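Chemist: Sharing protein13.cif below, mmCIF, C-alpha atoms:
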```cif
data_input
#
loop_
_atom_site.label_atom_id
_atom_site.label_comp_id
_atom_site.auth_asym_id
_atom_site.auth_seq_id
_atom_site.Cartn_x
_atom_site.Cartn_y
_atom_site.Cartn_z
CA MET A 1298 365.40 259.36 119.35
CA ILE A 1299 362.20 257.42 119.25
CA GLU A 1300 360.31 258.60 116.19
CA ALA A 1301 356.78 259.70 116.85
CA ASP A 1302 355.01 257.93 114.05
CA ARG A 1303 352.40 255.27 114.50
CA ASP A 1304 350.55 254.25 111.35
CA GLY A 1305 351.32 257.66 109.87
CA LEU A 1306 349.28 259.40 112.58
CA ALA A 1307 351.86 262.13 112.96
CA GLU A 1308 351.58 262.81 109.23
CA ARG A 1309 347.80 263.18 109.31
CA ARG A 1310 347.55 265.28 112.45
CA PRO A 1311 345.77 268.62 112.25
CA LEU A 1312 348.26 271.48 111.98
CA SER A 1313 347.90 274.66 113.97
CA PRO A 1314 347.84 277.96 112.07
CA HIS A 1315 351.37 278.99 111.19
CA LEU A 1316 353.33 282.11 110.25
CA THR A 1317 351.43 282.85 107.05
CA VAL A 1318 348.05 283.47 108.71
CA TYR A 1319 349.25 285.99 111.28
CA ARG A 1320 349.86 289.70 110.87
CA MET A 1321 353.52 290.37 111.61
CA MET A 1322 353.97 291.78 115.09
CA LEU A 1323 357.01 292.98 117.03
CA THR A 1324 356.79 290.11 119.53
CA MET A 1325 356.73 287.68 116.62
CA ALA A 1326 359.68 289.30 114.87
CA MET A 1327 361.60 289.28 118.15
CA SER A 1328 360.82 285.59 118.62
CA MET A 1329 362.45 284.95 115.24
CA ALA A 1330 365.33 287.28 116.11
CA HIS A 1331 365.86 285.23 119.28
CA ARG A 1332 366.42 282.09 117.21
CA ILE A 1333 368.51 283.86 114.59
CA THR A 1334 370.78 285.45 117.22
CA GLY A 1335 371.06 282.02 118.89
CA VAL A 1336 372.33 280.47 115.65
CA ALA A 1337 374.60 283.48 115.05
CA LEU A 1338 376.13 283.03 118.52
CA TYR A 1339 376.76 279.36 117.73
CA LEU A 1340 378.64 280.28 114.54
CA GLY A 1341 380.38 283.21 116.24
CA ALA A 1342 381.57 280.94 119.04
CA ALA A 1343 383.16 278.65 116.43
CA LEU A 1344 385.01 281.63 114.96
CA LEU A 1345 386.14 282.87 118.38
CA ALA A 1346 387.27 279.36 119.35
CA LEU A 1347 389.52 279.48 116.27
CA TYR A 1348 390.86 282.85 117.44
CA PHE A 1349 391.65 281.50 120.93
CA VAL A 1350 393.36 278.42 119.50
CA GLY A 1351 395.57 280.74 117.41
CA LEU A 1352 396.25 282.92 120.43
CA ALA A 1353 397.27 279.87 122.49
CA ALA A 1354 399.47 278.45 119.70
CA GLY A 1355 401.81 281.43 119.46
CA PRO A 1356 402.53 284.62 117.45
CA GLY A 1357 402.80 282.74 114.11
CA PRO A 1358 399.41 281.02 114.20
CA PHE A 1359 397.91 284.15 115.80
CA ALA A 1360 398.77 286.17 112.69
CA ALA A 1361 396.53 283.82 110.69
CA VAL A 1362 393.48 284.30 112.95
CA SER A 1363 393.95 287.85 114.27
CA TRP A 1364 391.53 289.19 111.60
CA ILE A 1365 388.72 287.79 113.79
CA ALA A 1366 389.31 290.56 116.36
CA GLU A 1367 391.50 293.06 114.50
CA GLY A 1368 390.82 295.68 111.89
CA VAL A 1369 387.45 296.61 110.44
CA ILE A 1370 386.27 293.00 109.94
CA GLY A 1371 387.33 291.99 113.45
CA LYS A 1372 385.52 294.94 115.01
CA ILE A 1373 382.37 294.17 113.04
CA ILE A 1374 382.55 290.52 114.16
CA LEU A 1375 383.03 291.43 117.83
CA ILE A 1376 380.35 294.14 117.85
CA ALA A 1377 377.91 291.77 116.10
CA PHE A 1378 378.72 288.94 118.52
CA VAL A 1379 378.35 291.12 121.62
CA TRP A 1380 375.08 292.60 120.28
CA ALA A 1381 373.70 289.13 119.46
CA LEU A 1382 374.71 288.02 122.95
CA TYR A 1383 372.91 290.92 124.65
CA HIS A 1384 369.89 290.64 122.36
CA HIS A 1385 369.56 286.90 123.05
CA LEU A 1386 370.24 287.44 126.77
CA LEU A 1387 367.51 290.10 127.06
CA GLY A 1388 365.19 287.84 125.05
CA GLY A 1389 365.73 285.26 127.77
CA VAL A 1390 364.95 287.84 130.45
CA ARG A 1391 361.76 288.75 128.56
CA HIS A 1392 360.67 285.13 128.45
CA ALA A 1393 361.55 284.64 132.14
CA LEU A 1394 359.28 287.60 132.99
CA TRP A 1395 356.48 286.26 130.80
CA ASP A 1396 356.89 282.84 132.46
CA ARG A 1397 356.03 284.52 135.75
CA GLY A 1398 352.93 286.15 134.28
CA LEU A 1399 354.45 289.63 134.18
CA PHE A 1400 354.06 292.10 131.27
CA MET A 1401 351.42 289.94 129.62
CA GLY A 1402 348.93 292.74 128.85
CA PRO A 1403 348.67 294.35 125.39
CA VAL A 1404 350.62 297.43 126.47
CA GLY A 1405 353.09 295.72 128.81
CA ARG A 1406 354.22 293.01 126.41
CA GLU A 1407 354.80 295.53 123.62
CA ALA A 1408 356.71 297.88 125.93
CA LEU A 1409 358.82 295.01 127.27
CA THR A 1410 359.62 293.83 123.75
CA GLN A 1411 360.62 297.34 122.66
CA ALA A 1412 362.73 297.70 125.80
CA THR A 1413 364.67 294.51 125.07
CA LEU A 1414 365.18 295.54 121.44
CA ILE A 1415 366.59 298.94 122.43
CA GLY A 1416 368.35 297.45 125.46
CA GLY A 1417 370.45 295.11 123.33
CA VAL A 1418 371.77 297.96 121.22
CA ALA A 1419 372.27 300.21 124.26
CA LEU A 1420 374.16 297.56 126.27
CA THR A 1421 376.41 296.83 123.26
CA ALA A 1422 377.25 300.51 122.87
CA LEU A 1423 377.77 300.88 126.64
CA THR A 1424 380.07 297.83 126.81
CA PHE A 1425 382.34 299.00 123.99
CA TYR A 1426 382.28 302.55 125.38
CA LEU A 1427 383.28 301.42 128.91
CA VAL A 1428 385.94 299.05 127.62
CA THR A 1429 387.68 301.73 125.54
CA LEU A 1430 387.13 304.48 128.13
CA VAL A 1431 387.85 302.82 131.46
CA ARG A 1432 390.08 300.01 130.20
CA LEU A 1433 388.41 297.57 132.55
CA PHE A 1434 390.71 294.77 131.52
CA MET B 611 332.70 252.84 131.39
CA THR B 612 335.05 255.72 131.27
CA SER B 613 334.60 259.36 130.52
CA ARG B 614 338.05 259.64 129.04
CA THR B 615 338.52 260.27 125.36
CA PRO B 616 340.87 257.98 123.38
CA PHE B 617 343.46 260.77 123.47
CA ILE B 618 343.93 260.61 127.22
CA SER B 619 346.91 262.82 127.67
CA GLY B 620 349.16 262.41 124.69
CA ARG B 621 351.20 259.93 126.70
CA THR B 622 349.19 256.77 126.04
CA GLY B 623 347.23 255.33 123.15
CA PRO B 624 347.24 256.91 119.68
CA GLY B 625 347.85 260.33 121.17
CA SER B 626 351.41 259.38 121.98
CA ALA B 627 352.15 259.53 118.26
CA PHE B 628 352.10 263.29 118.64
CA VAL B 629 354.73 263.21 121.35
CA SER B 630 358.43 262.92 120.58
CA ASP B 631 360.87 261.15 122.86
CA ARG B 632 359.60 262.75 126.11
CA SER B 633 362.91 264.40 126.81
CA GLY B 634 361.27 267.83 126.52
CA ALA B 635 360.76 268.54 130.21
CA ALA B 636 364.39 267.88 131.13
CA HIS B 637 365.59 269.97 128.17
CA ASP B 638 363.24 272.78 129.12
CA ARG B 639 364.43 272.76 132.72
CA PHE B 640 368.06 272.78 131.56
CA MET B 641 367.47 275.72 129.19
CA ARG B 642 365.88 277.80 131.94
CA LEU B 643 368.53 276.93 134.53
CA SER B 644 371.46 277.47 132.15
CA SER B 645 370.02 280.78 130.92
CA LEU B 646 369.95 281.96 134.53
CA VAL B 647 373.65 281.08 134.95
CA LEU B 648 374.48 282.55 131.53
CA LEU B 649 373.05 285.94 132.50
CA PRO B 650 376.09 287.05 134.57
CA LEU B 651 378.51 284.90 132.53
CA GLY B 652 377.25 286.41 129.27
CA VAL B 653 377.77 289.95 130.52
CA ALA B 654 381.29 289.08 131.74
CA ALA B 655 382.11 287.39 128.41
CA ALA B 656 380.76 290.41 126.50
CA PHE B 657 383.16 292.72 128.37
CA VAL B 658 386.19 290.45 127.85
CA LEU B 659 385.38 289.95 124.14
CA ALA B 660 384.80 293.68 123.60
CA SER B 661 388.18 294.32 125.25
CA LEU B 662 389.86 291.99 122.74
CA ALA B 663 388.96 294.26 119.80
CA GLY B 664 392.10 295.38 118.00
CA LYS B 665 394.48 293.98 120.62
CA PRO B 666 397.88 292.75 119.33
CA TYR B 667 399.21 289.31 120.36
CA ALA B 668 400.93 290.22 123.66
CA GLU B 669 398.08 292.41 124.90
CA ALA B 670 395.41 289.87 123.96
CA ARG B 671 397.32 287.16 125.83
CA ALA B 672 397.82 289.42 128.85
CA LEU B 673 394.05 289.95 128.97
CA ILE B 674 393.14 286.26 128.64
CA GLU B 675 395.82 285.32 131.19
CA GLN B 676 393.90 287.13 133.93
CA PRO B 677 392.35 284.34 136.06
CA LEU B 678 388.99 286.12 136.26
CA SER B 679 388.59 286.65 132.51
CA ALA B 680 389.89 283.13 131.74
CA LEU B 681 387.49 281.56 134.23
CA ALA B 682 384.53 283.63 132.95
CA LEU B 683 385.24 282.70 129.32
CA ILE B 684 385.67 278.98 130.09
CA ALA B 685 382.49 278.77 132.19
CA PHE B 686 380.63 280.83 129.57
CA ILE B 687 381.54 278.56 126.67
CA ILE B 688 380.94 275.23 128.45
CA ILE B 689 377.49 276.16 129.74
CA GLY B 690 376.81 278.28 126.65
CA MET B 691 377.53 275.50 124.16
CA ALA B 692 375.43 273.02 126.15
CA HIS B 693 372.63 275.61 125.95
CA ALA B 694 373.32 276.22 122.24
CA CYS B 695 373.39 272.48 121.48
CA ILE B 696 369.87 271.98 122.87
CA GLY B 697 368.69 275.22 121.26
CA ALA B 698 369.99 274.16 117.84
CA GLY B 699 368.46 270.72 118.52
CA SER B 700 364.99 272.24 118.81
CA ILE B 701 365.55 274.13 115.55
CA ILE B 702 366.47 270.79 113.92
CA ILE B 703 363.28 269.22 115.34
CA ASP B 704 361.24 272.10 113.89
CA TYR B 705 362.71 272.23 110.40
CA VAL B 706 364.33 268.88 109.54
CA HIS B 707 361.61 266.29 109.01
CA ASP B 708 363.46 263.52 107.17
CA LYS B 709 364.43 260.84 109.70
CA ARG B 710 367.94 260.24 108.40
CA GLN B 711 368.74 263.89 107.89
CA LYS B 712 367.45 264.62 111.37
CA ALA B 713 369.64 261.92 112.94
CA ALA B 714 372.68 263.19 110.99
CA ALA B 715 371.95 266.79 112.00
CA PHE B 716 371.77 265.78 115.67
CA VAL B 717 375.14 264.02 115.47
CA ALA B 718 376.74 266.97 113.63
CA ASN B 719 375.26 269.40 116.16
CA THR B 720 376.62 267.47 119.13
CA ILE B 721 380.09 267.07 117.59
CA ALA B 722 380.25 270.77 116.68
CA ALA B 723 379.15 271.90 120.13
CA VAL B 724 381.64 269.64 121.94
CA LEU B 725 384.42 270.68 119.54
CA ILE B 726 383.77 274.43 119.94
CA ALA B 727 383.51 274.25 123.73
CA GLY B 728 386.53 271.92 123.99
CA LEU B 729 388.85 273.95 121.74
CA TRP B 730 387.82 277.28 123.30
CA ALA B 731 388.21 276.04 126.88
CA ALA B 732 391.48 274.19 126.19
CA ALA B 733 393.04 277.18 124.40
CA ILE B 734 392.14 279.59 127.19
CA GLY B 735 393.24 277.07 129.82
CA LEU B 736 396.64 276.81 128.09
CA ILE B 737 397.03 280.60 127.92
CA ALA B 738 396.07 281.02 131.59
CA ALA B 739 398.40 278.19 132.65
CA SER B 740 401.37 279.77 130.84
CA ARG B 741 401.28 282.80 133.12
#
```
Translate this structure into structure tokens?
Modeler:
Amino acid sequence: MIEADRDGLAERRPLSPHLTVYRMMLTMAMSMAHRITGVALYLGAALLALYFVGLAAGPGPFAAVSWIAEGVIGKIILIAFVWALYHHLLGGVRHALWDRGLFMGPVGREALTQATLIGGVALTALTFYLVTLVRLF
Amino acid sequence: MTSRTPFISGRTGPGSAFVSDRSGAAHDRFMRLSSLVLLPLGVAAAFVLASLAGKPYAEARALIEQPLSALALIAFIIIGMAHACIGAGSIIIDYVHDKRQKAAAFVANTIAAVLIAGLWAAAIGLIAASR
């Protein structure tokens, strides 16, 4: 990393208005949620990696990590991870659409943001429903 | 004579102080490309992970042993952690301003991402190979 600092210029630069001067809007909250779910997926992946290592190591080690996918805690972890995954994924779709100039109007962007918010919850419910119902795997 | 201001483009002169290490464009392209690949992989991973809920040892192994679910999970974590590493990197850039702390955070981020992807992929590879 080359640090961007020449004679303290970076320190004295004018700052653009930040969070505190804006009225909270759904698009803004969803932008934050995108980052938060991203970090949550990072941490969740670490936990699931531990689960897979236990599963690969044998029944003994598996007993020590099975809580990650078993019981009430395990179900909460998996549902939260899958929801965060869908929420983040749909956030990406939303940004891809905006990149192409679609849904940029005051009504369209709000509708799209609401759709991705509801979509994440709906896809999570649908996935767990299909998996228990159809036994896809 | 020139009509250009001293801040020509942010790439030269004092304006370049506002620019970081100019790796932004490549990172941005990678994030967009990887998110495109992660769209189908993420959905596949979501279904496999949801199926794992409450499964005892033998059943969980039987599920991961399937070549399709093993392949989906391995591809998902390798591309996903590369994506997550750059994503976490931009959070570090935004919130960690101390030079040393920033450098340490970048190293920790890279090690964590490689470790998570490596352990996950190796474990699933082992399970799939034992079939």
Chemist: Skipping near chain neighbours, those fewer than 6 positions away, what residues fall within 10 Å of Ala655 in chain B using only C-alpha atoms, listed as a list in words?
Modeler: Val1379 and Leu1382 of chain A; Leu648, Ser661, Ser679, Ala680, Leu681, Ala682, Leu683, Ile684, Ala685, Phe686 and Ile687 of chain B
Chemist: What do you get, as an mmCIF file with C-alpha atoms, in the coordinates of the input, if you spell out every residue that the PyMOL selection byres ((chain B and resi 728) around 12) selects here?
Modeler:
```
data_model
loop_
_atom_site.group_PDB
_atom_site.id
_atom_site.type_symbol
_atom_site.label_atom_id
_atom_site.label_comp_id
_atom_site.auth_asym_id
_atom_site.auth_seq_id
_atom_site.Cartn_x
_atom_site.Cartn_y
_atom_site.Cartn_z
ATOM 1 C CA ALA A 1342 381.570 280.940 119.040
ATOM 2 C CA ALA A 1343 383.160 278.650 116.430
ATOM 3 C CA ALA A 1346 387.270 279.360 119.350
ATOM 4 C CA LEU A 1347 389.520 279.480 116.270
ATOM 5 C CA PHE A 1349 391.650 281.500 120.930
ATOM 6 C CA VAL A 1350 393.360 278.420 119.500
ATOM 7 C CA ILE B 684 385.670 278.980 130.090
ATOM 8 C CA ALA B 685 382.490 278.770 132.190
ATOM 9 C CA ILE B 687 381.540 278.560 126.670
ATOM 10 C CA ILE B 688 380.940 275.230 128.450
ATOM 11 C CA ILE B 689 377.490 276.160 129.740
ATOM 12 C CA GLY B 690 376.810 278.280 126.650
ATOM 13 C CA MET B 691 377.530 275.500 124.160
ATOM 14 C CA ALA B 692 375.430 273.020 126.150
ATOM 15 C CA THR B 720 376.620 267.470 119.130
ATOM 16 C CA ILE B 721 380.090 267.070 117.590
ATOM 17 C CA ALA B 722 380.250 270.770 116.680
ATOM 18 C CA ALA B 723 379.150 271.900 120.130
ATOM 19 C CA VAL B 724 381.640 269.640 121.940
ATOM 20 C CA LEU B 725 384.420 270.680 119.540
ATOM 21 C CA ILE B 726 383.770 274.430 119.940
ATOM 22 C CA ALA B 727 383.510 274.250 123.730
ATOM 23 C CA LEU B 729 388.850 273.950 121.740
ATOM 24 C CA TRP B 730 387.820 277.280 123.300
ATOM 25 C CA ALA B 731 388.210 276.040 126.880
ATOM 26 C CA ALA B 732 391.480 274.190 126.190
ATOM 27 C CA ALA B 733 393.040 277.180 124.400
ATOM 28 C CA ILE B 734 392.140 279.590 127.190
ATOM 29 C CA GLY B 735 393.240 277.070 129.820
ATOM 30 C CA LEU B 736 396.640 276.810 128.090
#
```
Chemist: Name all residues at most 9 Å from Gly1335 in chain A (count only C-alpha atoms; drop same-chain ones fewer than 4 positions away) and give them as a PyMOL selection string.
Modeler: (chain A and resi 1330-1331+1339-1340+1381-1382+1385) or (chain B and resi 694+697-698)
Chemist: Provide the CA of Thr1413 in chain A to CA of Met641 in chain B distance in Å, to one decimal place.
Modeler: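 CA of Met641 in chain B lies at a distance of 19.4 Å from CA of Thr1413 in chain A.
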Chemist: Going by the chain IDs and residue numbers used in this file, which residues fall under the PyMOL selection byres ((chain B and resi 702) around 10)? Write them as a PyMOL selection string.
Modeler: chain B and resi 696-701+703-707+711-713+715-716+719
Chemist: Neighbours of range 1424-1429 of chain A within 8 Å (all atoms listed in the file; same-chain residues fewer than 6 positions away dropped), as a list in words?
Modeler: Ala656, Phe657, Ala660 and Ser661 of chain B
Chemist: CA of Leu659 in chain B and CA of Glu675 in chain B, how far apart in Å?
Modeler: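 Those two atoms sit 13.4 Å apart.
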Chemist: Looking at A:Leu1387, A:Ala1366, A:Leu1399, A:Ile1374, which one is nearest to chain B, with distances taken over all atoms listed in the file?
Modeler: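 Comparing A:Leu1387, A:Ala1366, A:Leu1399, A:Ile1374 against chain B, the winner is A:Ala1366.
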Chemist: Between B:Pro666, B:Ala635, B:Val647, B:Ile674, which is the closest to Ala739 in chain B once you count all atoms listed in the file?
Modeler: B:Ile674
Chemist: Any chance you could resolve the PyMOL selection byres ((chain A and resi 1375) around 9) against this file and give the residues as an mmCIF file with C-alpha atoms, keeping the file's coordinate frame?
Modeler:
```cif
data_model
loop_
_atom_site.group_PDB
_atom_site.id
_atom_site.type_symbol
_atom_site.label_atom_id
_atom_site.label_comp_id
_atom_site.auth_asym_id
_atom_site.auth_seq_id
_atom_site.Cartn_x
_atom_site.Cartn_y
_atom_site.Cartn_z
ATOM 1 C CA GLY A 1341 380.380 283.210 116.240
ATOM 2 C CA ILE A 1365 388.720 287.790 113.790
ATOM 3 C CA ALA A 1366 389.310 290.560 116.360
ATOM 4 C CA ILE A 1370 386.270 293.000 109.940
ATOM 5 C CA GLY A 1371 387.330 291.990 113.450
ATOM 6 C CA LYS A 1372 385.520 294.940 115.010
ATOM 7 C CA ILE A 1373 382.370 294.170 113.040
ATOM 8 C CA ILE A 1374 382.550 290.520 114.160
ATOM 9 C CA ILE A 1376 380.350 294.140 117.850
ATOM 10 C CA ALA A 1377 377.910 291.770 116.100
ATOM 11 C CA PHE A 1378 378.720 288.940 118.520
ATOM 12 C CA VAL A 1379 378.350 291.120 121.620
ATOM 13 C CA TRP A 1380 375.080 292.600 120.280
ATOM 14 C CA LEU B 659 385.380 289.950 124.140
ATOM 15 C CA ALA B 660 384.800 293.680 123.600
ATOM 16 C CA LEU B 662 389.860 291.990 122.740
ATOM 17 C CA ALA B 663 388.960 294.260 119.800
#
```
Chemist: Report, in Å with one decimal, the straight-line distance from CA of Leu1414 in chain A to CA of Leu1394 in chain A.
Modeler: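 Rounded to one decimal, the two atoms are 15.2 Å apart.
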Chemist: Compare A:Val1369, A:Leu1386, A:Met1325, A:Ala1408 by their minimum atom-to-atom distance to Thr1421 in chain A, counting only C-alpha atoms, and give me the closest one.
Modeler: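 Distance minimum relative to Thr1421 in chain A lands on A:Leu1386.
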Chemist: Select, from B:Leu643, B:Tyr667, B:Pro677, B:His637, the residue with the minimum atom-to-atom distance to chain A, counting only C-alpha atoms.
Modeler: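 For chain A, the nearest of the given residues is B:Tyr667.
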Chemist: Quick one: of A:Tyr1319, A:Trp1395, A:Phe1400, A:Phe1359, who's nearest to chain B, counting only C-alpha atoms?
Modeler: A:Phe1359
